[in-house]
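S.K.: So here's start.tsv (TSV, N, CA, C and O atoms).
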```
chain	number	residue	atom	x	y	z
Y	1	CYS	N	99.20	68.61	100.88
Y	1	CYS	CA	99.32	69.48	102.03
Y	1	CYS	C	97.94	69.65	102.66
Y	1	CYS	O	96.98	70.00	101.97
Y	2	HIS	N	97.83	69.37	103.92
Y	2	HIS	CA	96.57	69.52	104.62
Y	2	HIS	C	96.65	70.73	105.55
Y	2	HIS	O	97.44	70.75	106.48
Y	3	LEU	N	95.82	71.73	105.25
Y	3	LEU	CA	95.79	72.93	106.07
Y	3	LEU	C	94.66	72.84	107.08
Y	3	LEU	O	93.62	72.25	106.79
Y	4	PRO	N	94.83	73.45	108.24
Y	4	PRO	CA	93.72	73.50	109.19
Y	4	PRO	C	92.53	74.24	108.56
Y	4	PRO	O	92.71	75.12	107.71
Y	5	VAL	N	91.34	73.89	108.98
Y	5	VAL	CA	90.12	74.47	108.41
Y	5	VAL	C	90.15	75.99	108.51
Y	5	VAL	O	89.79	76.69	107.56
Y	6	GLN	N	90.60	76.50	109.63
Y	6	GLN	CA	90.66	77.95	109.83
Y	6	GLN	C	91.53	78.61	108.75
Y	6	GLN	O	91.17	79.63	108.18
Y	7	GLU	N	92.64	78.02	108.45
Y	7	GLU	CA	93.54	78.54	107.44
Y	7	GLU	C	92.92	78.42	106.05
Y	7	GLU	O	93.08	79.30	105.21
Y	8	GLN	N	92.20	77.35	105.80
Y	8	GLN	CA	91.52	77.19	104.52
Y	8	GLN	C	90.50	78.30	104.29
Y	8	GLN	O	90.41	78.85	103.20
Y	9	HIS	N	89.74	78.65	105.35
Y	9	HIS	CA	88.75	79.71	105.23
Y	9	HIS	C	89.43	81.05	104.94
Y	9	HIS	O	88.98	81.82	104.09
Y	10	ARG	N	90.50	81.33	105.66
Y	10	ARG	CA	91.21	82.59	105.47
Y	10	ARG	C	91.76	82.69	104.05
Y	10	ARG	O	91.61	83.69	103.37
Y	11	LEU	N	92.37	81.62	103.59
Y	11	LEU	CA	92.93	81.61	102.26
Y	11	LEU	C	91.83	81.71	101.19
Y	11	LEU	O	92.02	82.36	100.17
Y	12	GLY	N	90.70	81.09	101.46
Y	12	GLY	CA	89.58	81.17	100.52
Y	12	GLY	C	89.09	82.59	100.33
Y	12	GLY	O	88.87	83.05	99.21
Y	13	ARG	N	88.95	83.31	101.44
Y	13	ARG	CA	88.50	84.70	101.36
Y	13	ARG	C	89.54	85.57	100.66
Y	13	ARG	O	89.22	86.43	99.86
Y	14	GLN	N	90.82	85.32	100.95
Y	14	GLN	CA	91.87	86.08	100.28
Y	14	GLN	C	91.88	85.78	98.79
Y	14	GLN	O	92.08	86.68	97.98
Y	15	LEU	N	91.66	84.55	98.43
Y	15	LEU	CA	91.63	84.17	97.02
Y	15	LEU	C	90.49	84.88	96.30
Y	15	LEU	O	90.67	85.37	95.18
Y	16	ILE	N	89.33	84.94	96.93
Y	16	ILE	CA	88.19	85.63	96.32
Y	16	ILE	C	88.53	87.10	96.11
Y	16	ILE	O	88.31	87.66	95.04
Y	17	ARG	N	89.07	87.74	97.14
Y	17	ARG	CA	89.43	89.17	97.05
Y	17	ARG	C	90.48	89.38	95.96
Y	17	ARG	O	90.36	90.29	95.13
Y	18	LEU	N	91.51	88.53	95.93
Y	18	LEU	CA	92.56	88.67	94.93
Y	18	LEU	C	92.04	88.37	93.53
Y	18	LEU	O	92.47	89.01	92.56
Y	19	SER	N	91.13	87.42	93.42
Y	19	SER	CA	90.56	87.10	92.11
Y	19	SER	C	89.82	88.30	91.54
Y	19	SER	O	89.97	88.63	90.36
Y	20	ARG	N	89.03	88.97	92.38
Y	20	ARG	CA	88.33	90.17	91.92
Y	20	ARG	C	89.32	91.23	91.48
Y	20	ARG	O	89.16	91.85	90.42
Y	21	GLU	N	90.35	91.46	92.30
Y	21	GLU	CA	91.34	92.47	91.97
Y	21	GLU	C	92.06	92.15	90.66
Y	21	GLU	O	92.30	93.03	89.83
Y	22	LEU	N	92.40	90.89	90.47
Y	22	LEU	CA	93.09	90.48	89.25
Y	22	LEU	C	92.20	90.67	88.03
Y	22	LEU	O	92.65	91.16	87.00
Y	23	LEU	N	90.93	90.31	88.15
Y	23	LEU	CA	90.02	90.48	87.02
Y	23	LEU	C	89.86	91.95	86.65
Y	23	LEU	O	89.84	92.30	85.47
Y	24	VAL	N	89.79	92.81	87.64
Y	24	VAL	CA	89.71	94.25	87.37
Y	24	VAL	C	91.01	94.72	86.71
Y	24	VAL	O	90.98	95.47	85.73
Y	25	TYR	N	92.14	94.27	87.23
Y	25	TYR	CA	93.43	94.62	86.64
Y	25	TYR	C	93.50	94.18	85.18
Y	25	TYR	O	94.08	94.87	84.33
Y	26	GLU	N	92.92	93.04	84.88
Y	26	GLU	CA	92.95	92.51	83.52
Y	26	GLU	C	91.95	93.20	82.59
Y	26	GLU	O	91.84	92.85	81.42
Y	27	GLY	N	91.19	94.16	83.12
Y	27	GLY	CA	90.33	94.95	82.26
Y	27	GLY	C	88.83	94.73	82.44
Y	27	GLY	O	88.03	95.38	81.79
Y	28	PHE	N	88.46	93.80	83.31
Y	28	PHE	CA	87.04	93.60	83.58
Y	28	PHE	C	86.54	94.71	84.50
Y	28	PHE	O	87.30	95.23	85.32
Y	29	THR	N	85.28	95.06	84.36
Y	29	THR	CA	84.71	96.03	85.27
Y	29	THR	C	84.59	95.40	86.65
Y	29	THR	O	84.60	94.17	86.78
Y	30	GLN	N	84.47	96.24	87.67
Y	30	GLN	CA	84.29	95.72	89.03
Y	30	GLN	C	83.04	94.85	89.09
Y	30	GLN	O	83.03	93.80	89.71
Y	31	GLY	N	81.97	95.29	88.41
Y	31	GLY	CA	80.73	94.52	88.40
Y	31	GLY	C	80.90	93.15	87.75
Y	31	GLY	O	80.40	92.15	88.26
Y	32	ASP	N	81.60	93.11	86.61
Y	32	ASP	CA	81.83	91.82	85.94
Y	32	ASP	C	82.73	90.92	86.78
Y	32	ASP	O	82.52	89.71	86.86
Y	33	ALA	N	83.75	91.51	87.41
Y	33	ALA	CA	84.65	90.71	88.25
Y	33	ALA	C	83.88	90.13	89.44
Y	33	ALA	O	84.04	88.95	89.77
Y	34	THR	N	83.05	90.94	90.05
Y	34	THR	CA	82.26	90.47	91.18
Y	34	THR	C	81.30	89.38	90.74
Y	34	THR	O	81.16	88.36	91.41
Y	35	TYR	N	80.64	89.57	89.59
Y	35	TYR	CA	79.73	88.56	89.08
Y	35	TYR	C	80.47	87.24	88.84
Y	35	TYR	O	80.00	86.17	89.22
Y	36	GLY	N	81.63	87.31	88.22
Y	36	GLY	CA	82.39	86.10	87.91
Y	36	GLY	C	82.80	85.34	89.16
Y	36	GLY	O	82.65	84.11	89.23
Y	37	VAL	N	83.26	86.06	90.15
Y	37	VAL	CA	83.68	85.40	91.39
Y	37	VAL	C	82.46	84.87	92.14
Y	37	VAL	O	82.47	83.76	92.66
Y	38	ASP	N	81.39	85.67	92.16
Y	38	ASP	CA	80.18	85.22	92.85
Y	38	ASP	C	79.56	83.99	92.18
Y	38	ASP	O	78.89	83.20	92.85
Y	39	ALA	N	79.79	83.83	90.89
Y	39	ALA	CA	79.24	82.68	90.17
Y	39	ALA	C	79.85	81.36	90.64
Y	39	ALA	O	79.37	80.29	90.28
Y	40	LEU	N	80.88	81.45	91.47
Y	40	LEU	CA	81.47	80.24	92.04
Y	40	LEU	C	80.53	79.57	93.03
Y	40	LEU	O	80.73	78.43	93.43
Y	41	ASN	N	79.52	80.32	93.47
Y	41	ASN	CA	78.45	79.80	94.34
Y	41	ASN	C	78.92	79.38	95.73
Y	41	ASN	O	78.37	78.46	96.31
Y	42	ALA	N	79.89	80.08	96.27
Y	42	ALA	CA	80.29	79.82	97.65
Y	42	ALA	C	79.20	80.35	98.58
Y	42	ALA	O	78.59	81.36	98.30
Y	43	ASP	N	78.94	79.66	99.66
Y	43	ASP	CA	77.96	80.11	100.65
Y	43	ASP	C	78.69	80.95	101.69
Y	43	ASP	O	79.16	80.45	102.70
Y	44	TRP	N	78.79	82.25	101.40
Y	44	TRP	CA	79.56	83.13	102.27
Y	44	TRP	C	78.87	83.39	103.59
Y	44	TRP	O	79.53	83.68	104.59
Y	45	ASN	N	77.55	83.29	103.63
Y	45	ASN	CA	76.86	83.40	104.92
Y	45	ASN	C	77.30	82.27	105.84
Y	45	ASN	O	77.59	82.48	107.02
Y	46	GLN	N	77.36	81.07	105.29
Y	46	GLN	CA	77.79	79.92	106.08
Y	46	GLN	C	79.24	80.09	106.52
Y	46	GLN	O	79.59	79.78	107.66
Y	47	GLN	N	80.07	80.60	105.64
Y	47	GLN	CA	81.47	80.81	105.99
Y	47	GLN	C	81.61	81.88	107.08
Y	47	GLN	O	82.42	81.74	107.99
Y	48	ALA	N	80.79	82.92	106.99
Y	48	ALA	CA	80.81	83.97	108.01
Y	48	ALA	C	80.36	83.42	109.36
Y	48	ALA	O	80.92	83.76	110.41
Y	49	ALA	N	79.36	82.55	109.35
Y	49	ALA	CA	78.88	81.94	110.59
Y	49	ALA	C	79.98	81.08	111.22
Y	49	ALA	O	80.21	81.13	112.43
Y	50	LYS	N	80.67	80.31	110.41
Y	50	LYS	CA	81.76	79.48	110.92
Y	50	LYS	C	82.88	80.34	111.50
Y	50	LYS	O	83.41	80.04	112.57
Y	51	LYS	N	83.22	81.40	110.80
Y	51	LYS	CA	84.30	82.26	111.26
Y	51	LYS	C	83.90	82.97	112.55
Y	51	LYS	O	84.73	83.11	113.46
Y	52	ALA	N	82.65	83.41	112.65
Y	52	ALA	CA	82.18	84.07	113.87
Y	52	ALA	C	82.31	83.11	115.06
Y	52	ALA	O	82.79	83.50	116.13
Y	53	ALA	N	81.90	81.87	114.87
Y	53	ALA	CA	82.00	80.87	115.94
Y	53	ALA	C	83.47	80.63	116.32
Y	53	ALA	O	83.79	80.50	117.50
Y	54	GLU	N	84.34	80.58	115.33
Y	54	GLU	CA	85.77	80.39	115.60
Y	54	GLU	C	86.32	81.53	116.45
Y	54	GLU	O	87.08	81.30	117.40
Y	55	TYR	N	85.95	82.75	116.10
Y	55	TYR	CA	86.43	83.90	116.88
Y	55	TYR	C	85.93	83.84	118.31
Y	55	TYR	O	86.68	84.14	119.24
Y	56	LEU	N	84.68	83.46	118.50
Y	56	LEU	CA	84.13	83.40	119.85
Y	56	LEU	C	84.75	82.27	120.67
Y	56	LEU	O	84.78	82.35	121.89
Y	57	ASP	N	85.25	81.24	120.00
Y	57	ASP	CA	85.97	80.18	120.70
Y	57	ASP	C	87.31	80.68	121.22
Y	57	ASP	O	87.83	80.16	122.21
Y	58	LEU	N	87.87	81.68	120.56
Y	58	LEU	CA	89.19	82.19	120.92
Y	58	LEU	C	89.14	83.37	121.89
Y	58	LEU	O	90.06	83.55	122.68
Y	59	SER	N	88.08	84.17	121.79
Y	59	SER	CA	88.03	85.40	122.57
Y	59	SER	C	86.58	85.86	122.69
Y	59	SER	O	85.70	85.34	122.02
Y	60	SER	N	86.36	86.86	123.54
Y	60	SER	CA	85.02	87.42	123.65
Y	60	SER	C	84.94	88.67	122.78
Y	60	SER	O	85.92	89.40	122.62
Y	61	PHE	N	83.79	88.88	122.20
Y	61	PHE	CA	83.54	90.02	121.32
Y	61	PHE	C	82.17	90.59	121.64
Y	61	PHE	O	81.25	89.84	122.01
Y	62	SER	N	82.02	91.88	121.43
Y	62	SER	CA	80.68	92.46	121.39
Y	62	SER	C	80.11	92.14	120.02
Y	62	SER	O	80.85	91.76	119.10
Y	63	ARG	N	78.80	92.28	119.88
Y	63	ARG	CA	78.17	92.05	118.58
Y	63	ARG	C	78.81	92.95	117.52
Y	63	ARG	O	79.23	92.48	116.46
Y	64	ALA	N	78.91	94.24	117.82
Y	64	ALA	CA	79.48	95.19	116.86
Y	64	ALA	C	80.94	94.88	116.57
Y	64	ALA	O	81.39	94.98	115.42
Y	65	GLY	N	81.69	94.48	117.60
Y	65	GLY	CA	83.10	94.17	117.41
Y	65	GLY	C	83.31	92.95	116.53
Y	65	GLY	O	84.23	92.93	115.70
Y	66	LEU	N	82.47	91.96	116.69
Y	66	LEU	CA	82.60	90.75	115.87
Y	66	LEU	C	82.19	91.03	114.43
Y	66	LEU	O	82.84	90.55	113.50
Y	67	ILE	N	81.15	91.83	114.24
Y	67	ILE	CA	80.76	92.23	112.87
Y	67	ILE	C	81.91	92.97	112.21
Y	67	ILE	O	82.27	92.70	111.05
Y	68	GLU	N	82.52	93.89	112.94
Y	68	GLU	CA	83.65	94.65	112.41
Y	68	GLU	C	84.81	93.73	112.05
Y	68	GLU	O	85.46	93.89	111.01
Y	69	GLN	N	85.09	92.74	112.89
Y	69	GLN	CA	86.18	91.81	112.63
Y	69	GLN	C	85.91	90.99	111.37
Y	69	GLN	O	86.80	90.79	110.54
Y	70	LEU	N	84.69	90.51	111.21
Y	70	LEU	CA	84.35	89.73	110.02
Y	70	LEU	C	84.44	90.59	108.76
Y	70	LEU	O	84.90	90.13	107.72
Y	71	ALA	N	84.01	91.84	108.85
Y	71	ALA	CA	84.12	92.75	107.71
Y	71	ALA	C	85.59	92.98	107.36
Y	71	ALA	O	85.97	93.00	106.19
Y	72	TYR	N	86.42	93.11	108.39
Y	72	TYR	CA	87.86	93.25	108.17
Y	72	TYR	C	88.43	92.03	107.44
Y	72	TYR	O	89.32	92.14	106.60
Y	73	GLU	N	87.88	90.86	107.75
Y	73	GLU	CA	88.33	89.62	107.12
Y	73	GLU	C	87.89	89.51	105.66
Y	73	GLU	O	88.32	88.60	104.95
Y	74	GLY	N	87.01	90.41	105.22
Y	74	GLY	CA	86.60	90.41	103.82
Y	74	GLY	C	85.15	90.07	103.57
Y	74	GLY	O	84.71	90.06	102.42
Y	75	PHE	N	84.40	89.77	104.62
Y	75	PHE	CA	82.98	89.50	104.44
Y	75	PHE	C	82.24	90.82	104.23
Y	75	PHE	O	82.67	91.87	104.73
Y	76	THR	N	81.14	90.79	103.49
Y	76	THR	CA	80.32	91.98	103.34
Y	76	THR	C	79.64	92.28	104.67
Y	76	THR	O	79.59	91.42	105.57
Y	77	GLN	N	79.08	93.47	104.79
Y	77	GLN	CA	78.36	93.84	106.01
Y	77	GLN	C	77.23	92.86	106.28
Y	77	GLN	O	77.05	92.39	107.41
Y	78	ALA	N	76.46	92.53	105.25
Y	78	ALA	CA	75.33	91.61	105.41
Y	78	ALA	C	75.81	90.21	105.82
Y	78	ALA	O	75.20	89.57	106.68
Y	79	GLN	N	76.88	89.74	105.21
Y	79	GLN	CA	77.42	88.43	105.57
Y	79	GLN	C	77.93	88.42	107.01
Y	79	GLN	O	77.70	87.47	107.75
Y	80	ALA	N	78.61	89.50	107.39
Y	80	ALA	CA	79.12	89.60	108.76
Y	80	ALA	C	77.97	89.62	109.77
Y	80	ALA	O	78.01	88.93	110.79
Y	81	GLU	N	76.93	90.39	109.48
Y	81	GLU	CA	75.78	90.45	110.37
Y	81	GLU	C	75.09	89.09	110.48
Y	81	GLU	O	74.70	88.67	111.56
Y	82	TYR	N	74.96	88.40	109.35
Y	82	TYR	CA	74.37	87.06	109.38
Y	82	TYR	C	75.23	86.13	110.23
Y	82	TYR	O	74.71	85.40	111.08
Y	83	GLY	N	76.53	86.13	109.99
Y	83	GLY	CA	77.42	85.25	110.74
Y	83	GLY	C	77.31	85.46	112.23
Y	83	GLY	O	77.22	84.50	113.00
Y	84	VAL	N	77.28	86.70	112.65
Y	84	VAL	CA	77.19	87.01	114.07
Y	84	VAL	C	75.81	86.62	114.61
Y	84	VAL	O	75.71	86.12	115.73
Y	85	SER	N	74.78	86.78	113.81
Y	85	SER	CA	73.43	86.44	114.28
Y	85	SER	C	73.30	84.95	114.60
Y	85	SER	O	72.48	84.57	115.43
Y	86	THR	N	74.11	84.13	113.99
Y	86	THR	CA	74.04	82.68	114.24
Y	86	THR	C	74.67	82.31	115.57
Y	86	THR	O	74.50	81.17	116.03
Y	87	THR	N	75.40	83.24	116.18
Y	87	THR	CA	76.10	82.94	117.42
Y	87	THR	C	75.28	83.27	118.66
Y	87	THR	O	75.67	82.91	119.76
Y	88	GLY	N	74.18	83.98	118.47
Y	88	GLY	CA	73.36	84.39	119.61
Y	88	GLY	C	73.72	85.73	120.17
Y	88	GLY	O	73.12	86.20	121.13
Y	89	LEU	N	74.73	86.39	119.59
Y	89	LEU	CA	75.08	87.75	120.04
Y	89	LEU	C	74.07	88.76	119.55
Y	89	LEU	O	73.48	88.63	118.52
```
Can the structure in the file be given as structure tokens, please?
M.R.:
Amino acid sequence: CHLPVQEQHRLGRQLIRLSRELLVYEGFTQGDATYGVDALNADWNQQAAKKAAEYLDLSSFSRAGLIEQLAYEGFTQAQAEYGVSTTGL
């Protein structure tokens, strides 16, 4: 099954969020769950930059609005700010 890149990114972020939640449910601390998922070494800044560019291709956003949208998508505040900074906003 070949998914569009946009869908792959969305599913990837959801998988990360669900993985953390599952690890906590299974008895790991939030810190340990976060460490385990982060050890996957995904470049979330790069993913945030790609997602910011995708959003701007679809619609116009203010800087604050795009940061808020990326945070809603599951990126951290720092990742969202980085992603938006790559767009020139």
S.K.: As a ChimeraX atom specification, please: all residues of chain Y that backbone DSSP puts in helix (DSSP H, G or I).
M.R.: /Y:5-25,30-38,44-58,63-72,77-85
S.K.: If the box runs along x, y and z of the file and leaves 4 Å on each side of range 25-29 of chain Y, what are its centre and edge lengths in Å, one decimal, as AutoDock Vina command-line options?
M.R.:
```
--center_x 89.3 --center_y 94.3 --center_z 84.3 --size_x 17.5 --size_y 11.5 --size_z 13.8
```
S.K.: Write out as a PyMOL selection string the residues lying within 8 Å of Arg20 in chain Y, counting only N, CA, C and O atoms and excluding same-chain residues fewer than 5 positions away.
M.R.: chain Y and resi 13-15+25-30+32-34+36-37
S.K.: Any idea what's packed within 12 Å of Arg63 in chain Y, counting only C-alpha atoms, ignoring anything in its chain fewer than 5 positions away? Could you give it as a list in words?
M.R.: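 Here the qualifying residues turn out to be Ala52, Tyr55, Leu56, Glu68, Gln69, Leu70, Ala80, Glu81, Tyr82, Gly83, Val84, Ser85, Thr86, Thr87, Gly88 and Leu89 of chain Y.
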S.K.: So how far away is atom N of Thr76 in chain Y from atom O of Asn45 in chain Y, in Å?
M.R.: 9.7 Å
S.K.: Quote the spacing between atom O of Gln46 in chain Y and atom C of Ile16 in chain Y in Å to one decimal place.
M.R.: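 Between atom O of Gln46 in chain Y and atom C of Ile16 in chain Y the gap works out to 16.3 Å.
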S.K.: What is the distance, in Å and to one decimal place, between atom O of Gly65 in chain Y and CA of Asn41 in chain Y?
M.R.: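 Result for atom O of Gly65 in chain Y versus CA of Asn41 in chain Y: 25.7 Å, one decimal.
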S.K.: Using all atoms listed in the file, which of Y:Ser19, Y:Ile67, Y:Gln79, Y:Asp57 sits nearest Trp44 in chain Y?
M.R.: Y:Gln79
